[in-house]
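Novice: Quick one: structure below, then a few questions.
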Protein chains: 2
Amino acid sequence: MTTYAPAEASERTGLTLDTLRYYERLGLFGPVRRTTAGRRVYSDHDVAWVGLLVCLRNAGLGISDLQRLMGRLRDSGSSTGVVELLEEHRSRLHGEIAKMSVALDVLDGKIAHYREAAGQSKK
Amino acid sequence: MTTYAPAEASERTGLTLDTLRYYERLGLFGPVRRTTAGRRVYSDHDVAWVGLLVCLRNAGLGISDLQRLMGRLRDSGSSTGVVELLEEHRSRLHGEIAKMSVALDVLDGKIAHYREAAGQSKK
DNA sequence: CTGCGACCTGGAGTGCGCTCCAGGTCAACT
DNA sequence: AGTTGACCTGGAGCGCACTCCAGGTCGCAG
């Protein structure tokens, strides 16, 4: 099993060392193995997991959402609640996209409007 | 020209009184007319304008983006820069949506994964 | 043995976008 | 005249998600 020093884990996940530690502190992943000297040794499992975290954050989930999710996954093999949680966020995500699309349309309208206005000298 | 008391403007825009005042302070719209006693009287032009602001915020534009936009619109009839600004954000918005779609796909994958896992007792 | 750089910790600081508050004014109702 | 209640101001406070920092430890190269 491949392992990574902090710097490399940072590079692979795209998160800073600080953020990596921050996420670990919050229990979003880990606990991460340590050397006898106390230095972190990330497994590729850790790195993959963080990849998922990043993805979910991109999807607009907040830290507390992720914590809840981790809670579900940790205690019990109750993967059951997890599916609902994810699906809930899936639909939320759809809503977000819809909202953005509306904004996009309005934006298009405004662009057309101002482009037209630019043709004439004044309003 | 219809006018609105603060409470009604709040209702129509969906923003709180505080947020309305906040946006005004930042110069995102206005200046709003006042009664002799100093109370705000919003015009329907104000309200419509705030509607656009809300929409742009939904689209993910930050306060500073909006300020820059207002700057362009205020000084000069240079509606020119405005179009570019909006188009830039339009493409940014597309990017966001794309990113979210990716997250959505990953989410779907995970849901499938956990749903399957729920079928068996353990990993 | 001395540097040096990567890493450690706990905690303070940052930027954003509001949100709340105290203390005051004003208009209308009873 | 008194009592609401909507509104005013300037400024403090908040929640989120980091981000930075001081002060210290470790391991290796020279």
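Chain identifiers are assigned as A, B, and so on, following the order in which chains appear in the structure tokens; residues are numbered from 1 within each chain, and ligands are numbered from 1 in order of appearance.
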Which residues of chain A have any atom within 9 Å of an atom in chain B when counting only C-alpha atoms, and what is the closest pair of atoms for each, with the distance in Å to one decimal? Order the rows by chain and rising number and write it as a tab-separated table.
Specialist:
```
residue	atom	partner	partner_atom	distance
A:Leu52	CA	B:Val106	CA	8.2
A:Cys55	CA	B:Ala103	CA	5.6
A:Leu56	CA	B:Ala103	CA	6.3
A:Arg57	CA	B:Ala103	CA	8.6
A:Asn58	CA	B:Met100	CA	6.6
A:Ala59	CA	B:Met100	CA	5.2
A:Gly60	CA	B:Met100	CA	8.0
A:Gly77	CA	B:Lys122	CA	6.5
A:Ser78	CA	B:Ala118	CA	7.4
A:Ser79	CA	B:Ala118	CA	5.7
A:Thr80	CA	B:Ala118	CA	6.1
A:Val82	CA	B:Tyr114	CA	7.4
A:Val83	CA	B:Ile111	CA	5.5
A:Glu84	CA	B:Ile111	CA	8.6
A:Leu86	CA	B:Ile111	CA	6.7
A:Glu87	CA	B:Ile111	CA	7.3
A:His89	CA	B:Leu107	CA	8.8
A:Arg90	CA	B:Leu104	CA	6.4
A:Leu93	CA	B:Met100	CA	7.3
A:His94	CA	B:Leu104	CA	8.4
A:Glu96	CA	B:Ile97	CA	8.7
A:Ile97	CA	B:Ile97	CA	6.1
A:Lys99	CA	B:Asn58	CA	7.0
A:Met100	CA	B:Ala59	CA	5.2
A:Ser101	CA	B:Ala59	CA	8.2
A:Val102	CA	B:Cys55	CA	8.2
A:Ala103	CA	B:Ala59	CA	5.3
A:Leu104	CA	B:Arg90	CA	6.4
A:Val106	CA	B:Cys55	CA	7.6
A:Leu107	CA	B:Leu86	CA	6.8
A:Asp108	CA	B:Arg90	CA	8.0
A:Lys110	CA	B:Leu86	CA	8.3
A:Ile111	CA	B:Val83	CA	5.5
A:Ala112	CA	B:Val83	CA	8.4
A:Tyr114	CA	B:Ser79	CA	6.0
A:Arg115	CA	B:Val83	CA	6.5
A:Ala117	CA	B:Ser79	CA	7.1
A:Ala118	CA	B:Ser79	CA	5.7
A:Ser121	CA	B:Gly77	CA	7.4
A:Lys122	CA	B:Gly77	CA	6.6
A:Lys123	CA	B:Gly77	CA	8.3
```
Novice: Mind dumping the selected residues with N, CA and C atoms as a short mmCIF file (atom, residue, chain, number, x, y, z; two decimals), in the first residue's frame?
Specialist:
```cif
data_model
loop_
_atom_site.label_atom_id
_atom_site.label_comp_id
_atom_site.auth_asym_id
_atom_site.auth_seq_id
_atom_site.Cartn_x
_atom_site.Cartn_y
_atom_site.Cartn_z
N LEU A 52 -12.81 12.44 -2.39
CA LEU A 52 -14.27 12.44 -2.32
C LEU A 52 -14.76 13.66 -1.55
N CYS A 55 -14.64 16.66 -3.64
CA CYS A 55 -15.71 16.61 -4.63
C CYS A 55 -17.04 17.03 -4.01
N LEU A 56 -17.31 16.51 -2.83
CA LEU A 56 -18.57 16.85 -2.17
C LEU A 56 -18.61 18.32 -1.78
N ARG A 57 -17.47 18.85 -1.39
CA ARG A 57 -17.39 20.27 -1.08
C ARG A 57 -17.66 21.08 -2.35
N ASN A 58 -17.11 20.65 -3.45
CA ASN A 58 -17.38 21.31 -4.73
C ASN A 58 -18.87 21.30 -5.01
N ALA A 59 -19.50 20.24 -4.58
CA ALA A 59 -20.93 20.10 -4.83
C ALA A 59 -21.73 21.00 -3.89
N GLY A 60 -21.02 21.71 -3.04
CA GLY A 60 -21.71 22.68 -2.18
C GLY A 60 -22.07 22.16 -0.81
N GLY A 77 -22.66 -0.51 10.18
CA GLY A 77 -22.61 -0.75 8.74
C GLY A 77 -23.86 -0.17 8.14
N SER A 78 -24.48 0.76 8.89
CA SER A 78 -25.68 1.41 8.39
C SER A 78 -25.32 2.33 7.25
N SER A 79 -25.06 1.73 6.12
CA SER A 79 -24.82 2.51 4.92
C SER A 79 -26.18 3.05 4.47
N THR A 80 -27.20 2.60 5.18
CA THR A 80 -28.56 2.96 4.82
C THR A 80 -28.79 4.46 4.82
N VAL A 82 -26.83 6.75 4.72
CA VAL A 82 -25.92 7.44 3.81
C VAL A 82 -26.56 7.71 2.46
N VAL A 83 -27.20 6.69 1.94
CA VAL A 83 -27.83 6.84 0.62
C VAL A 83 -28.83 7.99 0.63
N GLU A 84 -29.66 8.03 1.68
CA GLU A 84 -30.65 9.11 1.74
C GLU A 84 -29.96 10.47 1.81
N LEU A 86 -27.06 11.34 0.73
CA LEU A 86 -26.48 11.72 -0.55
C LEU A 86 -27.56 12.12 -1.55
N GLU A 87 -28.64 11.37 -1.53
CA GLU A 87 -29.70 11.68 -2.49
C GLU A 87 -30.34 13.03 -2.18
N HIS A 89 -28.81 15.52 -1.00
CA HIS A 89 -27.91 16.53 -1.50
C HIS A 89 -27.87 16.54 -3.03
N ARG A 90 -28.15 15.39 -3.57
CA ARG A 90 -28.21 15.31 -5.02
C ARG A 90 -29.31 16.23 -5.54
N LEU A 93 -28.51 19.76 -5.09
CA LEU A 93 -27.55 20.17 -6.11
C LEU A 93 -28.28 20.52 -7.40
N HIS A 94 -29.26 19.67 -7.74
CA HIS A 94 -30.07 19.95 -8.92
C HIS A 94 -30.73 21.32 -8.79
N GLU A 96 -29.72 23.87 -7.08
CA GLU A 96 -28.68 24.89 -7.24
C GLU A 96 -28.42 25.16 -8.72
N ILE A 97 -28.27 24.07 -9.44
CA ILE A 97 -27.98 24.21 -10.86
C ILE A 97 -29.12 24.93 -11.56
N LYS A 99 -31.17 27.07 -10.23
CA LYS A 99 -31.13 28.47 -9.83
C LYS A 99 -30.09 29.22 -10.65
N MET A 100 -28.96 28.55 -10.83
CA MET A 100 -27.89 29.17 -11.60
C MET A 100 -28.31 29.38 -13.04
N SER A 101 -29.02 28.41 -13.57
CA SER A 101 -29.46 28.52 -14.95
C SER A 101 -30.37 29.73 -15.13
N VAL A 102 -31.23 29.94 -14.15
CA VAL A 102 -32.10 31.11 -14.19
C VAL A 102 -31.24 32.37 -14.21
N ALA A 103 -30.29 32.41 -13.31
CA ALA A 103 -29.41 33.57 -13.23
C ALA A 103 -28.71 33.77 -14.57
N LEU A 104 -28.34 32.66 -15.17
CA LEU A 104 -27.65 32.70 -16.45
C LEU A 104 -28.55 33.34 -17.51
N VAL A 106 -31.08 35.39 -17.01
CA VAL A 106 -31.22 36.81 -16.72
C VAL A 106 -29.98 37.55 -17.20
N LEU A 107 -28.84 36.93 -16.94
CA LEU A 107 -27.57 37.52 -17.35
C LEU A 107 -27.56 37.72 -18.87
N ASP A 108 -27.99 36.70 -19.58
CA ASP A 108 -28.05 36.80 -21.03
C ASP A 108 -28.93 37.96 -21.46
N LYS A 110 -29.64 40.62 -19.81
CA LYS A 110 -28.97 41.89 -19.49
C LYS A 110 -27.87 42.18 -20.47
N ILE A 111 -27.15 41.14 -20.84
CA ILE A 111 -26.07 41.34 -21.80
C ILE A 111 -26.63 41.88 -23.10
N ALA A 112 -27.72 41.24 -23.55
CA ALA A 112 -28.37 41.69 -24.78
C ALA A 112 -28.79 43.15 -24.62
N TYR A 114 -27.62 45.54 -22.60
CA TYR A 114 -26.54 46.51 -22.56
C TYR A 114 -25.78 46.59 -23.88
N ARG A 115 -25.75 45.46 -24.55
CA ARG A 115 -25.07 45.46 -25.84
C ARG A 115 -25.83 46.39 -26.80
N ALA A 117 -27.80 48.81 -25.82
CA ALA A 117 -27.64 50.17 -25.29
C ALA A 117 -26.30 50.76 -25.73
N ALA A 118 -25.30 49.91 -25.86
CA ALA A 118 -23.99 50.38 -26.27
C ALA A 118 -24.03 50.92 -27.70
N SER A 121 -26.15 56.12 -28.07
CA SER A 121 -25.28 56.87 -27.18
C SER A 121 -25.78 56.85 -25.74
N LYS A 122 -27.10 57.06 -25.60
CA LYS A 122 -27.63 57.12 -24.25
C LYS A 122 -28.88 56.28 -24.08
N LYS A 123 -29.25 56.08 -22.83
CA LYS A 123 -30.44 55.31 -22.51
C LYS A 123 -31.65 55.86 -23.25
#
```
Novice: Using only C-alpha atoms (C1' of nucleotides), what does the table of chain A residues within 8 Å of chain D look like, with each row giving the shortest atom pair and its distance in Å to one decimal, sorted by chain and ascending number, as a tab-separated table?
Specialist:
```
residue	atom	partner	partner_atom	distance
A:Asp18	CA	D:DT19	C1'	7.3
A:Thr19	CA	D:DC18	C1'	7.0
A:Ala37	CA	D:DC26	C1'	6.8
```
Novice: I need the chosen residues saved as a PDB file, in the first residue's frame, with C-alpha atoms.
Specialist:
```
ATOM      1  CA  ASP A  18      -3.301  23.302   6.916  1.00  0.00           C
ATOM      2  CA  THR A  19      -6.575  22.287   5.345  1.00  0.00           C
ATOM      3  CA  ALA A  37       8.178  10.918  15.664  1.00  0.00           C
TER       4      ALA A  37
END
```
Novice: Please build the interface table for chain C against chain A with a cut-off of 10 Å, listing for each qualifying residue the nearest atom pair and the distance in Å to one decimal; count only C-alpha atoms (C1' of nucleotides), order rows by chain and increasing number, and write it as a Markdown table.
Specialist:
```
| residue | atom | partner | partner_atom | distance |
| --- | --- | --- | --- | --- |
| C:DA6 | C1' | A:Ala7 | CA | 8.4 |
| C:DC7 | C1' | A:Arg39 | CA | 6.5 |
| C:DC8 | C1' | A:Arg39 | CA | 7.1 |
```
Novice: Extract the full set of helix (DSSP H, G or I) residues from chain A according to DSSP on the backbone, and format it as a PyMOL selection string.
Specialist: chain A and resi 6-13+17-25+44-58+63-74+80-119
Novice: Between CA of Gly109 in chain A and CA of Met1 in chain B, what is the distance in Å, rounded to a tenth?
Specialist: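 We find that CA of Gly109 in chain A and CA of Met1 in chain B lie 24.1 Å from each other.
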Novice: Set the distance at 8 Å and use only C-alpha atoms (C1' of nucleotides): which residues neighbour Arg33 in chain A once local chain neighbours fewer than 3 positions away are removed? I'd like the list as an mmCIF file with N, CA and C atoms, in the first residue's frame.
Specialist:
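Just written: result.cif:
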```
data_model
loop_
_atom_site.group_PDB
_atom_site.id
_atom_site.type_symbol
_atom_site.label_atom_id
_atom_site.label_comp_id
_atom_site.auth_asym_id
_atom_site.auth_seq_id
_atom_site.Cartn_x
_atom_site.Cartn_y
_atom_site.Cartn_z
ATOM 1 N N GLY A 30 -9.459 9.993 8.387
ATOM 2 C CA GLY A 30 -8.442 9.559 9.326
ATOM 3 C C GLY A 30 -9.033 8.675 10.402
ATOM 4 N N ARG A 40 2.759 12.698 10.131
ATOM 5 C CA ARG A 40 1.672 12.014 9.433
ATOM 6 C C ARG A 40 2.164 11.205 8.245
ATOM 7 N N VAL A 41 1.537 10.048 8.061
ATOM 8 C CA VAL A 41 1.804 9.214 6.889
ATOM 9 C C VAL A 41 0.435 8.901 6.286
ATOM 10 N N TYR A 42 0.154 9.537 5.158
ATOM 11 C CA TYR A 42 -1.149 9.334 4.535
ATOM 12 C C TYR A 42 -1.138 8.084 3.669
ATOM 13 N N SER A 43 -2.173 7.276 3.778
ATOM 14 C CA SER A 43 -2.303 6.097 2.918
ATOM 15 C C SER A 43 -3.027 6.531 1.637
#
```
Novice: Calculate how many Å separate CA of Gly27 in chain A from CA of Met70 in chain A, rounding to one decimal.
Specialist: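 Answer for the CA of Gly27 in chain A to CA of Met70 in chain A separation: 7.8 Å.
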Novice: What lies within 9 Å of DC16 in chain C using only C-alpha atoms (C1' of nucleotides), ignoring chain neighbours under 2 positions off, as a list in words?
Specialist: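 The residues satisfying every condition are Gly62 and Ile63 of chain B; DC18 of chain C.
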Novice: So the first atom is CA of Arg68 in chain B and the second is CA of Thr13 in chain B; what is the distance between them in Å, to one decimal place?
Specialist: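 Going from CA of Arg68 in chain B over to CA of Thr13 in chain B, I get 21.5 Å.
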Novice: Apply DSSP to the backbone of this structure and, from range 5-108 of chain B, keep only the residues in strand (DSSP E); write these as a list of chain:residue names.
Specialist: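 Strand (DSSP E) assignments inside range 5-108 of chain B correspond to B:Arg33, B:Arg34, B:Arg40, B:Val41, B:Tyr42, B:Ser43.
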